[in-house]
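> Supplied structure: structure-v6.txt, compact mmCIF, C-alpha atoms.
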# COMPACT_ATOMS: atom_id res chain seq x y z
CA MET A 1 36.77 26.34 48.48
CA ILE A 2 36.00 30.07 48.60
CA TRP A 3 35.05 29.85 52.28
CA LEU A 4 38.30 28.03 53.02
CA ILE A 5 40.30 30.83 51.35
CA GLY A 6 38.21 33.39 53.25
CA GLY A 7 38.86 31.49 56.48
CA LEU A 8 42.58 31.30 55.69
CA ILE A 9 42.77 35.08 55.14
CA ALA A 10 40.90 35.72 58.40
CA VAL A 11 43.10 33.28 60.32
CA VAL A 12 46.34 34.75 58.90
CA ILE A 13 45.28 38.20 60.11
CA LEU A 14 43.90 37.05 63.46
CA GLN A 15 46.82 34.74 64.28
CA THR A 16 49.52 37.34 63.63
CA THR A 17 47.83 40.51 64.86
CA VAL A 18 44.96 39.70 67.23
CA THR A 19 45.99 36.55 69.14
CA PRO A 20 49.17 38.27 70.50
CA LEU A 21 46.77 40.60 72.33
CA VAL A 22 45.05 37.66 74.07
CA GLU A 23 48.27 35.82 74.87
CA LEU A 24 48.20 34.00 78.22
CA GLY A 25 51.66 33.28 79.59
CA ARG A 26 53.22 33.50 76.10
CA VAL A 27 50.69 31.03 74.71
CA ARG A 28 48.11 31.75 72.03
CA PRO A 29 45.37 29.56 70.56
CA ASP A 30 46.27 27.87 67.26
CA LEU A 31 43.65 29.30 64.90
CA PHE A 32 45.07 27.40 61.90
CA LEU A 33 44.28 24.13 63.69
CA LEU A 34 40.84 25.41 64.69
CA LEU A 35 40.04 26.42 61.11
CA LEU A 36 41.10 22.99 59.90
CA TYR A 37 39.00 21.33 62.59
CA LEU A 38 35.89 23.33 61.69
CA ALA A 39 36.51 23.06 57.94
CA SER A 40 36.92 19.29 58.15
CA TYR A 41 33.21 18.99 59.07
CA ARG A 42 32.45 19.73 55.41
CA MET A 43 35.23 17.63 53.89
CA ASN A 44 36.24 14.09 53.05
CA PRO A 45 39.68 12.85 54.23
CA VAL A 46 41.44 13.77 50.97
CA GLN A 47 40.04 17.31 50.93
CA ALA A 48 40.89 17.78 54.63
CA CYS A 49 44.44 16.54 53.97
CA LEU A 50 44.93 19.03 51.12
CA ALA A 51 43.32 21.85 53.12
CA GLY A 52 45.69 21.04 55.99
CA ALA A 53 48.67 21.22 53.63
CA LEU A 54 47.55 24.67 52.37
CA LEU A 55 46.98 26.01 55.89
CA GLY A 56 50.29 24.52 57.01
CA LEU A 57 52.19 26.26 54.21
CA TYR A 58 50.94 29.66 55.38
CA GLU A 59 51.49 28.88 59.06
CA ASP A 60 55.08 27.87 58.24
CA ALA A 61 55.67 31.03 56.21
CA LEU A 62 54.50 33.16 59.13
CA SER A 63 56.57 31.40 61.76
CA GLY A 64 60.23 30.81 62.54
CA GLY A 65 59.94 27.07 61.97
CA PRO A 66 61.15 25.14 58.93
CA LEU A 67 58.88 25.19 55.90
CA GLY A 68 57.01 21.86 55.88
CA LEU A 69 56.59 21.43 59.64
CA ASN A 70 52.95 22.50 59.74
CA VAL A 71 52.31 21.16 56.24
CA PHE A 72 53.10 17.73 57.67
CA MET A 73 51.22 18.33 60.90
CA LEU A 74 48.01 19.78 59.51
CA SER A 75 47.73 17.51 56.45
CA VAL A 76 48.01 14.38 58.60
CA LEU A 77 45.71 15.91 61.21
CA GLY A 78 43.11 16.84 58.57
CA TYR A 79 43.04 13.28 57.29
CA VAL A 80 42.91 11.72 60.76
CA LEU A 81 40.27 14.14 62.09
CA VAL A 82 37.78 13.26 59.34
CA ARG A 83 38.40 9.53 59.74
CA VAL A 84 37.98 9.64 63.53
CA ARG A 85 34.96 11.90 63.43
CA GLU A 86 33.15 9.48 61.14
CA GLU A 87 32.95 7.27 64.24
CA LEU A 88 31.67 10.01 66.57
CA ASP A 89 28.09 10.86 67.49
CA GLU A 90 27.36 14.14 65.70
CA THR A 91 24.77 15.26 68.25
CA ARG A 92 27.02 15.25 71.31
CA LEU A 93 29.45 18.10 71.85
CA PHE A 94 31.76 16.56 74.46
CA PRO A 95 33.45 13.91 72.26
CA HIS A 96 34.21 16.60 69.68
CA VAL A 97 35.82 18.82 72.32
CA VAL A 98 37.90 15.86 73.54
CA LEU A 99 38.94 15.12 69.95
CA LEU A 100 39.97 18.75 69.49
CA PHE A 101 42.03 18.62 72.70
CA LEU A 102 43.73 15.40 71.59
CA ALA A 103 44.40 16.89 68.14
CA SER A 104 45.94 19.99 69.69
CA LEU A 105 47.98 17.99 72.19
CA GLY A 106 49.11 15.55 69.49
CA SER A 107 50.08 18.42 67.22
CA GLY A 108 52.26 19.91 69.97
CA LEU A 109 53.95 16.61 70.79
CA VAL A 110 54.61 15.74 67.14
CA THR A 111 55.98 19.25 66.53
CA LEU A 112 58.38 18.69 69.42
CA GLY A 113 59.46 15.37 67.89
CA VAL A 114 59.88 16.76 64.37
CA LEU A 115 61.91 19.73 65.67
CA ALA A 116 64.17 17.32 67.55
CA PHE A 117 64.50 15.16 64.41
CA PHE A 118 65.68 18.17 62.39
CA GLY A 119 68.17 19.33 65.00
CA MET A 120 66.02 22.08 66.50
CA GLY A 121 65.14 20.15 69.63
CA ARG A 122 63.86 21.79 72.80
CA SER A 123 63.82 20.78 76.41
CA LEU A 124 60.94 18.30 76.76
CA ALA A 125 59.86 19.50 80.21
CA GLU A 126 60.06 23.20 79.32
CA SER A 127 58.17 22.69 76.05
CA LEU A 128 55.45 20.62 77.73
CA VAL A 129 54.97 23.16 80.50
CA TRP A 130 55.26 26.35 78.46
CA ILE A 131 53.76 25.39 75.10
CA VAL A 132 52.23 21.97 74.51
CA LEU A 133 49.83 21.66 77.46
CA PRO A 134 48.77 25.31 77.85
CA GLY A 135 48.52 25.65 74.06
CA ALA A 136 46.26 22.58 73.82
CA VAL A 137 44.05 23.82 76.66
CA TYR A 138 43.77 27.33 75.22
CA THR A 139 43.07 26.11 71.67
CA THR A 140 40.47 23.63 72.97
CA ALA A 141 38.75 26.30 75.08
CA VAL A 142 38.44 28.65 72.10
CA GLY A 143 37.38 25.74 69.86
CA ALA A 144 34.76 24.55 72.37
CA LEU A 145 33.27 28.05 72.42
CA LEU A 146 33.16 28.10 68.62
CA LEU A 147 31.61 24.61 68.45
CA PHE A 148 29.06 25.56 71.08
CA GLY A 149 28.31 28.78 69.22
CA THR A 150 27.78 27.04 65.87
CA ARG A 151 25.51 24.42 67.48
CA LEU A 152 23.53 27.10 69.27
CA GLY A 153 23.21 28.94 65.96
CA ARG A 154 21.88 25.79 64.31
CA VAL A 155 19.31 25.23 67.11
CA VAL A 156 18.09 28.83 66.83
CA GLU A 157 17.92 28.48 63.03
CA VAL A 158 15.79 25.30 63.34
CA LYS A 159 13.45 26.90 65.89
CA LEU A 160 12.95 29.96 63.71
CA MET B 1 46.66 -0.33 35.73
CA ILE B 2 48.71 2.22 37.73
CA LEU B 3 45.99 4.81 37.25
CA ARG B 4 43.40 2.36 38.54
CA LEU B 5 45.53 1.65 41.61
CA LEU B 6 46.02 5.38 42.21
CA VAL B 7 42.27 5.95 42.03
CA LYS B 8 41.57 2.98 44.28
CA TYR B 9 44.05 4.08 46.95
CA ARG B 10 43.75 7.84 46.33
CA ARG B 11 43.28 8.65 50.02
CA MET B 12 46.54 6.99 50.99
CA VAL B 13 48.30 8.38 47.92
CA VAL B 14 47.31 11.97 48.78
CA LEU B 15 48.27 11.53 52.44
CA ALA B 16 51.61 9.92 51.59
CA SER B 17 52.33 12.67 49.03
CA ALA B 18 51.62 15.40 51.59
CA VAL B 19 53.91 13.73 54.14
CA LEU B 20 56.64 13.22 51.53
CA VAL B 21 56.47 16.83 50.28
CA SER B 22 56.55 18.23 53.83
CA PHE B 23 59.60 16.11 54.77
CA LEU B 24 61.35 17.12 51.53
CA LEU B 25 60.72 20.79 52.36
CA MET B 26 61.98 20.36 55.93
CA THR B 27 65.05 18.45 54.77
CA MET B 28 65.89 21.15 52.23
CA GLU B 29 65.50 23.83 54.89
CA ALA B 30 67.57 21.87 57.42
CA ARG B 31 70.33 21.40 54.82
CA ARG B 32 70.11 25.15 54.09
CA GLU B 33 69.59 24.67 50.36
CA GLU B 34 69.34 28.19 49.07
CA ASN B 35 66.85 27.85 46.24
CA LEU B 36 63.40 26.43 46.81
CA THR B 37 62.39 26.95 50.45
CA PRO B 38 63.45 30.63 50.79
CA PHE B 39 61.72 31.33 47.47
CA LEU B 40 58.52 29.61 48.65
CA LYS B 41 58.62 31.41 51.99
CA ARG B 42 59.15 34.77 50.25
CA LEU B 43 56.27 34.04 47.91
CA LEU B 44 53.89 33.10 50.72
CA LEU B 45 55.00 36.00 52.91
CA GLU B 46 54.60 38.44 50.04
CA SER B 47 51.09 37.15 49.27
CA VAL B 48 49.85 38.04 52.76
CA SER B 49 51.96 41.10 53.60
CA PRO B 50 49.50 43.64 52.02
CA LEU B 51 46.77 42.20 54.26
CA LEU B 52 48.96 42.40 57.33
CA LYS B 53 50.05 45.96 56.51
CA ALA B 54 46.41 47.04 56.08
CA THR B 55 45.45 45.36 59.37
CA ALA B 56 48.38 46.94 61.20
CA SER B 57 47.37 50.33 59.81
CA ILE B 58 43.75 49.86 60.95
CA LYS B 59 44.98 48.70 64.35
CA ARG B 60 47.19 51.77 64.76
CA THR B 61 44.38 54.11 63.70
CA SER B 62 41.87 52.54 66.10
CA GLN B 63 44.50 52.56 68.86
CA GLY B 64 44.96 56.29 68.18
CA ILE B 65 41.22 56.91 68.38
CA TRP B 66 41.00 54.94 71.64
CA ASP B 67 43.99 56.73 73.14
CA ASN B 68 42.48 60.06 72.14
CA TYR B 69 39.23 59.01 73.82
CA VAL B 70 41.07 58.03 77.00
CA ASP B 71 43.00 61.30 76.90
CA LEU B 72 39.79 63.22 76.36
CA ARG B 73 38.21 61.64 79.43
CA SER B 74 41.19 62.44 81.63
CA VAL B 75 41.29 65.99 80.30
CA ARG B 76 37.63 66.45 81.12
CA GLN B 77 38.21 65.27 84.70
CA GLU B 78 41.06 67.69 85.01
CA ASN B 79 38.93 70.45 83.54
CA VAL B 80 36.32 69.98 86.26
CA GLN B 81 39.02 70.69 88.87
CA LEU B 82 40.86 73.44 87.01
CA ARG B 83 38.15 74.89 84.75
CA GLU B 84 38.85 78.49 85.65
CA GLU B 85 42.61 78.29 85.44
CA ILE B 86 43.29 76.17 82.37
CA GLN B 87 40.55 76.58 79.82
CA GLY B 88 42.62 75.66 76.86
CA LEU B 89 43.88 72.40 78.36
CA GLU B 90 41.24 70.13 76.92
CA THR B 91 41.86 71.11 73.33
CA ARG B 92 45.60 71.03 73.75
CA LEU B 93 45.72 67.59 75.35
CA ARG B 94 43.32 66.21 72.77
CA GLU B 95 45.68 67.38 70.08
CA LEU B 96 48.48 65.60 71.84
CA GLY B 97 47.51 62.07 72.91
CA GLU B 98 48.57 59.37 70.55
CA ALA B 99 50.23 61.85 68.17
CA ARG B 100 52.54 63.00 70.98
CA ARG B 101 53.35 59.47 72.02
CA GLU B 102 54.01 58.47 68.44
CA ASN B 103 56.16 61.55 67.95
CA GLN B 104 58.17 60.69 71.03
CA ARG B 105 58.71 57.16 69.88
CA LEU B 106 59.72 58.30 66.42
CA LYS B 107 61.94 61.02 67.85
CA THR B 108 63.69 58.47 70.05
CA LEU B 109 64.11 56.29 67.00
CA LEU B 110 65.38 59.25 64.98
CA ASP B 111 67.88 60.14 67.72
CA LEU B 112 68.99 56.55 67.67
CA ARG B 113 69.19 56.69 63.90
CA GLU B 114 71.44 59.75 64.07
CA LYS B 115 73.70 58.02 66.58
CA GLN B 116 74.10 54.84 64.52
CA PRO B 117 77.34 54.66 62.49
CA PHE B 118 75.49 52.44 60.01
CA HIS B 119 72.75 53.07 57.51
CA VAL B 120 69.36 52.27 59.06
CA THR B 121 65.86 51.71 57.65
CA PRO B 122 62.86 52.45 59.89
CA ALA B 123 60.13 49.78 59.86
CA VAL B 124 56.80 49.07 61.53
CA VAL B 125 55.91 45.75 63.16
CA ILE B 126 52.88 44.35 61.28
CA GLY B 127 52.49 40.94 62.87
CA LYS B 128 53.86 38.34 65.24
CA ASP B 129 54.91 34.72 64.84
CA ALA B 130 51.99 32.44 63.92
CA THR B 131 53.00 29.68 66.34
CA ASN B 132 53.91 29.40 70.02
CA TRP B 133 57.16 27.62 69.17
CA PHE B 134 59.21 30.50 67.80
CA HIS B 135 59.64 34.17 68.74
CA SER B 136 59.62 36.40 65.66
CA VAL B 137 57.85 39.46 64.26
CA LEU B 138 56.93 40.60 60.75
CA ILE B 139 57.97 44.07 59.62
CA ASP B 140 56.70 46.19 56.73
CA ARG B 141 60.06 46.62 55.01
CA GLY B 142 61.77 44.07 52.76
CA SER B 143 64.38 43.75 50.02
CA ARG B 144 62.73 46.59 48.04
CA TYR B 145 63.80 48.92 50.87
CA GLY B 146 67.30 47.49 51.20
CA VAL B 147 66.58 44.94 53.93
CA ALA B 148 68.60 41.74 53.57
CA ARG B 149 68.92 38.45 55.45
CA HIS B 150 70.97 38.65 58.70
CA MET B 151 70.59 42.42 58.96
CA VAL B 152 70.42 43.50 62.60
CA VAL B 153 67.18 44.98 63.94
CA ILE B 154 67.15 47.40 66.87
CA ALA B 155 64.56 49.50 68.71
CA SER B 156 64.90 52.59 70.89
CA GLY B 157 65.59 50.33 73.89
CA GLY B 158 68.27 48.20 72.29
CA LEU B 159 68.76 44.98 70.33
CA VAL B 160 65.68 43.26 68.85
CA GLY B 161 67.12 40.52 66.63
CA GLN B 162 67.97 39.83 63.00
CA ALA B 163 66.06 39.60 59.70
CA VAL B 164 65.81 35.95 58.68
CA ASP B 165 63.22 35.73 55.87
CA VAL B 166 63.13 38.69 53.51
CA ALA B 167 60.36 39.21 50.93
CA PRO B 168 60.25 42.29 48.63
CA SER B 169 57.95 44.33 50.86
CA SER B 170 58.13 42.60 54.23
CA ALA B 171 60.51 40.57 56.37
CA ARG B 172 60.46 38.26 59.36
CA VAL B 173 62.71 39.18 62.27
CA GLN B 174 63.94 36.50 64.66
CA LEU B 175 63.89 37.99 68.17
CA ILE B 176 66.80 37.47 70.55
CA THR B 177 64.34 35.64 72.86
CA ASP B 178 63.80 32.91 70.22
CA PRO B 179 64.97 29.49 71.45
CA VAL B 180 67.25 29.09 68.41
CA SER B 181 68.74 32.60 68.64
CA SER B 182 72.26 33.15 69.96
CA VAL B 183 74.17 36.43 70.26
CA GLY B 184 77.76 37.06 71.33
CA VAL B 185 77.61 39.48 74.27
CA LEU B 186 79.94 41.45 76.50
CA LEU B 187 79.28 42.49 80.09
CA GLN B 188 80.07 46.17 80.16
CA ASN B 189 81.69 46.41 83.61
CA SER B 190 83.39 43.04 84.09
CA ARG B 191 84.31 42.80 80.36
CA ALA B 192 83.41 39.11 80.40
CA THR B 193 82.11 37.65 77.14
CA GLY B 194 79.49 34.98 76.72
CA LEU B 195 76.76 33.66 74.49
CA LEU B 196 73.25 35.04 74.95
CA VAL B 197 70.59 32.43 74.15
CA GLY B 198 66.82 32.61 74.13
CA ALA B 199 64.48 30.07 75.67
CA GLN B 200 60.95 28.81 75.25
CA SER B 201 59.92 30.67 78.39
CA GLY B 202 61.12 33.97 76.90
CA ARG B 203 64.01 34.24 79.39
CA LEU B 204 67.45 35.31 78.18
CA ARG B 205 70.48 33.45 79.51
CA ILE B 206 74.19 34.15 79.06
CA ARG B 207 76.18 30.95 78.79
CA TYR B 208 79.92 30.30 78.84
CA LEU B 209 80.81 33.22 81.11
CA PRO B 210 84.28 32.65 82.63
CA VAL B 211 83.86 31.34 86.16
CA ARG B 212 86.39 33.88 87.51
CA ALA B 213 84.59 36.89 86.03
CA ASP B 214 83.16 39.25 88.66
CA VAL B 215 79.62 39.44 87.28
CA ARG B 216 77.12 41.48 89.28
CA ALA B 217 73.38 41.99 89.08
CA GLY B 218 72.45 45.21 87.30
CA GLU B 219 75.47 45.12 85.00
CA PRO B 220 74.63 46.27 81.44
CA VAL B 221 74.96 43.69 78.68
CA ILE B 222 76.00 44.77 75.16
CA THR B 223 76.76 42.93 71.94
CA SER B 224 80.41 41.81 71.69
CA GLY B 225 80.70 42.01 67.91
CA LEU B 226 81.92 38.41 67.82
CA GLY B 227 80.14 36.13 65.40
CA GLY B 228 79.92 38.58 62.55
CA VAL B 229 76.18 39.33 62.60
CA TYR B 230 75.70 41.87 65.40
CA PRO B 231 77.99 44.91 65.53
CA LYS B 232 79.71 45.65 68.85
CA GLY B 233 78.11 47.91 71.44
CA ILE B 234 74.36 47.51 71.02
CA LEU B 235 72.57 47.42 74.38
CA VAL B 236 70.89 44.07 75.04
CA GLY B 237 69.72 44.36 78.65
CA LYS B 238 71.00 44.00 82.18
CA VAL B 239 72.00 41.08 84.38
CA VAL B 240 69.32 40.19 86.91
CA ALA B 241 70.63 36.91 88.34
CA ILE B 242 73.87 34.93 88.36
CA ASP B 243 74.10 31.15 88.44
CA LYS B 244 77.51 30.05 89.72
CA ARG B 245 77.82 26.34 90.48
CA SER B 246 80.77 24.93 92.37
CA GLY B 247 83.02 22.84 90.16
CA ALA B 248 81.54 24.20 86.93
CA LEU B 249 83.86 25.57 84.23
CA PHE B 250 81.53 28.43 83.39
CA GLN B 251 78.91 30.53 85.12
CA GLU B 252 75.57 31.60 83.68
CA ALA B 253 73.53 34.77 84.05
CA THR B 254 69.89 35.66 83.49
CA VAL B 255 69.32 38.86 81.53
CA GLU B 256 66.35 41.19 81.47
CA PRO B 257 66.08 42.58 77.92
CA SER B 258 66.11 46.35 77.50
CA VAL B 259 63.38 46.09 74.86
CA ASP B 260 59.79 45.26 75.80
CA PHE B 261 59.05 42.71 73.08
CA SER B 262 55.34 42.62 73.87
CA ARG B 263 55.01 46.30 72.96
CA LEU B 264 57.28 46.42 69.95
CA GLU B 265 55.84 48.80 67.32
CA GLU B 266 58.65 50.55 65.43
CA VAL B 267 62.13 49.23 64.74
CA LEU B 268 65.25 50.12 62.77
CA VAL B 269 66.94 47.71 60.39
CA VAL B 270 70.72 48.23 60.40
CA SER B 271 72.55 47.58 57.15
CA ARG B 272 76.19 46.57 57.20
CA GLU B 273 77.33 49.40 54.92
CA ASP B 274 78.74 52.40 56.82
CA LYS B 275 76.69 55.60 56.69
CA GLU B 276 78.24 58.10 54.25
Transcribe the structure of this file into structure tokens.

Amino acid sequence: MIWLIGGLIAVVILQTTVTPLVELGRVRPDLFLLLLYLASYRMNPVQACLAGALLGLYEDALSGGPLGLNVFMLSVLGYVLVRVREELDETRLFPHVVLLFLASLGSGLVTLGVLAFFGMGRSLAESLVWIVLPGAVYTTAVGALLLFGTRLGRVVEVKL
Amino acid sequence: MILRLLVKYRRMVVLASAVLVSFLLMTMEARREENLTPFLKRLLLESVSPLLKATASIKRTSQGIWDNYVDLRSVRQENVQLREEIQGLETRLRELGEARRENQRLKTLLDLREKQPFHVTPAVVIGKDATNWFHSVLIDRGSRYGVARHMVVIASGGLVGQAVDVAPSSARVQLITDPVSSVGVLLQNSRATGLLVGAQSGRLRIRYLPVRADVRAGEPVITSGLGGVYPKGILVGKVVAIDKRSGALFQEATVEPSVDFSRLEEVLVVSREDKE
């Protein structure tokens, strides 16, 4: 729990102050989603769902969206990620990267749908081109680097 | 019996509860209920604003050190060429650097502050929107400093946006480039009025411009004062392109904002009370 709070503090700072500096075409990686993805490796579905709700509350407070949007998104995603990953081979990196991409893409598409449902709809084509697809690619690229780094760290640790 | 069922299906119960709570929160926010969601947002914003302020302060300090380093390097190069003539240049330029730039920015802001007929509160940008979906910034001044919801925020270049979530020591400002932002504007030369709206791409468009209005590229765009939030006369930007379709009732224009939102550091929050 302490590491999750520590991660949340780090992500709050990084997402609001550091990621704007590495913005590519107005798109930044979603570090809240990445934290949830990495944290869910140590959690069961219920814990991941609650962790997602906590992260979502802070992401909502720090964005212009309605409170509850990311609570919904990340709590469902936390639950689903753990359930899907139970079926994945832990030793192979590629399926995990694909899962992260699908999670990021799904999160963007569902956000678009929820915003439309609550009367804050956007143009589908513009949102896909400017946010959903580039955001999913950027988040996945950063996540893949992190996953690769943690695996490399584990290999080095075992060899030592 | 119920307890046993809850324990048995606890995974689904937790998931369903999270979904239910999130939809309740969104519904309350969409229906603009004034109690719970603004309070929760204020609480959450307030809990992280000291962290963001400290980070912004560290960022500014390190930026200053880096700028001083860059200045020092350029001064040294210049000293090689002009060593005999300008011996004191290195020291002098080192003293300037970031401090001079900051002074200039603050001076511009101060000049602007003097010119404003309203009471203004200077603030520093401490963070940006956490998602890619909305365009907003966090500032280090909140209700404790007199900032209130819907107060207009400007920078030395012109209009920035309006305060939308206000915590005691910080606030979130919705930028005019936000897809849900709309501002009543007036084209300074043609005197045509329209509605300035943001877009996901960050472009600014003026909608509902009368089709007969003689709008030209380069024309300054200012706030019209219509709508009750933004006072009249604040510079917004200039027209860069006009979209006039045959048979359409209105024409549209693309606007280049006068403020560089990617480099926004200091802003002024304008209160509605007249300056005494």
> Hey, what's within 8 Å of Val71 of chain A if we count all atoms listed in the file and toss same-chain stuff fewer than 4 positions away? As a list in words, please?
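The residues satisfying every condition are Gly52, Ala53, Leu54, Leu55, Gly56, Leu57, Asp60, Leu67 and Ser75 of chain A; Ala18, Val19 and Ser22 of chain B.
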> For the residues in that selection, give me C-alpha atoms as a PDB file, keeping the file's coordinate frame.

ATOM      1  CA  GLY A  52      45.690  21.040  55.990  1.00  0.00           C
ATOM      2  CA  ALA A  53      48.670  21.220  53.630  1.00  0.00           C
ATOM      3  CA  LEU A  54      47.550  24.670  52.370  1.00  0.00           C
ATOM      4  CA  LEU A  55      46.980  26.010  55.890  1.00  0.00           C
ATOM      5  CA  GLY A  56      50.290  24.520  57.010  1.00  0.00           C
ATOM      6  CA  LEU A  57      52.190  26.260  54.210  1.00  0.00           C
ATOM      7  CA  ASP A  60      55.080  27.870  58.240  1.00  0.00           C
ATOM      8  CA  LEU A  67      58.880  25.190  55.900  1.00  0.00           C
ATOM      9  CA  SER A  75      47.730  17.510  56.450  1.00  0.00           C
TER      10      SER A  75
ATOM     11  CA  ALA B  18      51.620  15.400  51.590  1.00  0.00           C
ATOM     12  CA  VAL B  19      53.910  13.730  54.140  1.00  0.00           C
ATOM     13  CA  SER B  22      56.550  18.230  53.830  1.00  0.00           C
TER      14      SER B  22
END
> Could you check which of A:Thr140, A:Thr19, A:Gln47, A:Ser63 is closest to chain B, using only C-alpha atoms?
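Among A:Thr140, A:Thr19, A:Gln47, A:Ser63, it is A:Ser63 that comes nearest to chain B.
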> Which chain B residues are at most 9 Å from chain A (counting only C-alpha atoms), as number ranges by chain?
B: 10-12, 14-15, 18-30, 37-38, 40-45, 48, 51-52, 55-56, 59, 126-138, 164-165, 172-174, 178-180, 199-202, 262
> Based on the selection just made, write C-alpha atoms of those residues as a PDB file, in the coordinates of the input.

ATOM      1  CA  ARG B  10      43.750   7.840  46.330  1.00  0.00           C
ATOM      2  CA  ARG B  11      43.280   8.650  50.020  1.00  0.00           C
ATOM      3  CA  MET B  12      46.540   6.990  50.990  1.00  0.00           C
ATOM      4  CA  VAL B  14      47.310  11.970  48.780  1.00  0.00           C
ATOM      5  CA  LEU B  15      48.270  11.530  52.440  1.00  0.00           C
ATOM      6  CA  ALA B  18      51.620  15.400  51.590  1.00  0.00           C
ATOM      7  CA  VAL B  19      53.910  13.730  54.140  1.00  0.00           C
ATOM      8  CA  LEU B  20      56.640  13.220  51.530  1.00  0.00           C
ATOM      9  CA  VAL B  21      56.470  16.830  50.280  1.00  0.00           C
ATOM     10  CA  SER B  22      56.550  18.230  53.830  1.00  0.00           C
ATOM     11  CA  PHE B  23      59.600  16.110  54.770  1.00  0.00           C
ATOM     12  CA  LEU B  24      61.350  17.120  51.530  1.00  0.00           C
ATOM     13  CA  LEU B  25      60.720  20.790  52.360  1.00  0.00           C
ATOM     14  CA  MET B  26      61.980  20.360  55.930  1.00  0.00           C
ATOM     15  CA  THR B  27      65.050  18.450  54.770  1.00  0.00           C
ATOM     16  CA  MET B  28      65.890  21.150  52.230  1.00  0.00           C
ATOM     17  CA  GLU B  29      65.500  23.830  54.890  1.00  0.00           C
ATOM     18  CA  ALA B  30      67.570  21.870  57.420  1.00  0.00           C
ATOM     19  CA  THR B  37      62.390  26.950  50.450  1.00  0.00           C
ATOM     20  CA  PRO B  38      63.450  30.630  50.790  1.00  0.00           C
ATOM     21  CA  LEU B  40      58.520  29.610  48.650  1.00  0.00           C
ATOM     22  CA  LYS B  41      58.620  31.410  51.990  1.00  0.00           C
ATOM     23  CA  ARG B  42      59.150  34.770  50.250  1.00  0.00           C
ATOM     24  CA  LEU B  43      56.270  34.040  47.910  1.00  0.00           C
ATOM     25  CA  LEU B  44      53.890  33.100  50.720  1.00  0.00           C
ATOM     26  CA  LEU B  45      55.000  36.000  52.910  1.00  0.00           C
ATOM     27  CA  VAL B  48      49.850  38.040  52.760  1.00  0.00           C
ATOM     28  CA  LEU B  51      46.770  42.200  54.260  1.00  0.00           C
ATOM     29  CA  LEU B  52      48.960  42.400  57.330  1.00  0.00           C
ATOM     30  CA  THR B  55      45.450  45.360  59.370  1.00  0.00           C
ATOM     31  CA  ALA B  56      48.380  46.940  61.200  1.00  0.00           C
ATOM     32  CA  LYS B  59      44.980  48.700  64.350  1.00  0.00           C
ATOM     33  CA  ILE B 126      52.880  44.350  61.280  1.00  0.00           C
ATOM     34  CA  GLY B 127      52.490  40.940  62.870  1.00  0.00           C
ATOM     35  CA  LYS B 128      53.860  38.340  65.240  1.00  0.00           C
ATOM     36  CA  ASP B 129      54.910  34.720  64.840  1.00  0.00           C
ATOM     37  CA  ALA B 130      51.990  32.440  63.920  1.00  0.00           C
ATOM     38  CA  THR B 131      53.000  29.680  66.340  1.00  0.00           C
ATOM     39  CA  ASN B 132      53.910  29.400  70.020  1.00  0.00           C
ATOM     40  CA  TRP B 133      57.160  27.620  69.170  1.00  0.00           C
ATOM     41  CA  PHE B 134      59.210  30.500  67.800  1.00  0.00           C
ATOM     42  CA  HIS B 135      59.640  34.170  68.740  1.00  0.00           C
ATOM     43  CA  SER B 136      59.620  36.400  65.660  1.00  0.00           C
ATOM     44  CA  VAL B 137      57.850  39.460  64.260  1.00  0.00           C
ATOM     45  CA  LEU B 138      56.930  40.600  60.750  1.00  0.00           C
ATOM     46  CA  VAL B 164      65.810  35.950  58.680  1.00  0.00           C
ATOM     47  CA  ASP B 165      63.220  35.730  55.870  1.00  0.00           C
ATOM     48  CA  ARG B 172      60.460  38.260  59.360  1.00  0.00           C
ATOM     49  CA  VAL B 173      62.710  39.180  62.270  1.00  0.00           C
ATOM     50  CA  GLN B 174      63.940  36.500  64.660  1.00  0.00           C
ATOM     51  CA  ASP B 178      63.800  32.910  70.220  1.00  0.00           C
ATOM     52  CA  PRO B 179      64.970  29.490  71.450  1.00  0.00           C
ATOM     53  CA  VAL B 180      67.250  29.090  68.410  1.00  0.00           C
ATOM     54  CA  ALA B 199      64.480  30.070  75.670  1.00  0.00           C
ATOM     55  CA  GLN B 200      60.950  28.810  75.250  1.00  0.00           C
ATOM     56  CA  SER B 201      59.920  30.670  78.390  1.00  0.00           C
ATOM     57  CA  GLY B 202      61.120  33.970  76.900  1.00  0.00           C
ATOM     58  CA  SER B 262      55.340  42.620  73.870  1.00  0.00           C
TER      59      SER B 262
END
> Counting all atoms listed in the file, note down every residue that has an atom within 12 Å of the point (56.3, 46.2, 54.0) (file coordinates), as a PyMOL selection string.
chain B and resi 45-54+56-57+121-127+138-147+166-172
> Report, in Å to a single decimal, how far apart atom CA of Val22 of chain A and atom CA of Arg154 of chain A are.
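Separation of atom CA of Arg154 of chain A and atom CA of Val22 of chain A: 27.8 Å.
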> Tell me, as a list in words, which residues lie within 9 Å of segment 93-98 of chain A, counting only C-alpha atoms; anything in the same chain fewer than 2 positions away does not count.
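With the cut-off at 9 Å, the set is Arg85, Leu88, Asp89, Glu90, Thr91, Leu100, Phe101, Leu102, Ala103, Thr140, Ala141, Gly143, Ala144, Leu147, Phe148 and Arg151 of chain A.
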> In Å, with one decimal, what is the gap from atom CA of Leu34 of chain A to atom CA of Gly198 of chain B?
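Between these atoms lies a distance of 28.6 Å.
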> Atom CA of Arg207 of chain B to atom CA of Pro231 of chain B: how many Å, to one decimal?
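Those two atoms sit 19.3 Å apart.
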> Leaving out Gly237 of chain B and any residue of its chain fewer than 6 positions from it, which residues lie within 12 Å of it when counting all atoms listed in the file, given as a ChimeraX atom specification?
/B:157-160,176-177,185-188,196,203-206,217-223,253-260
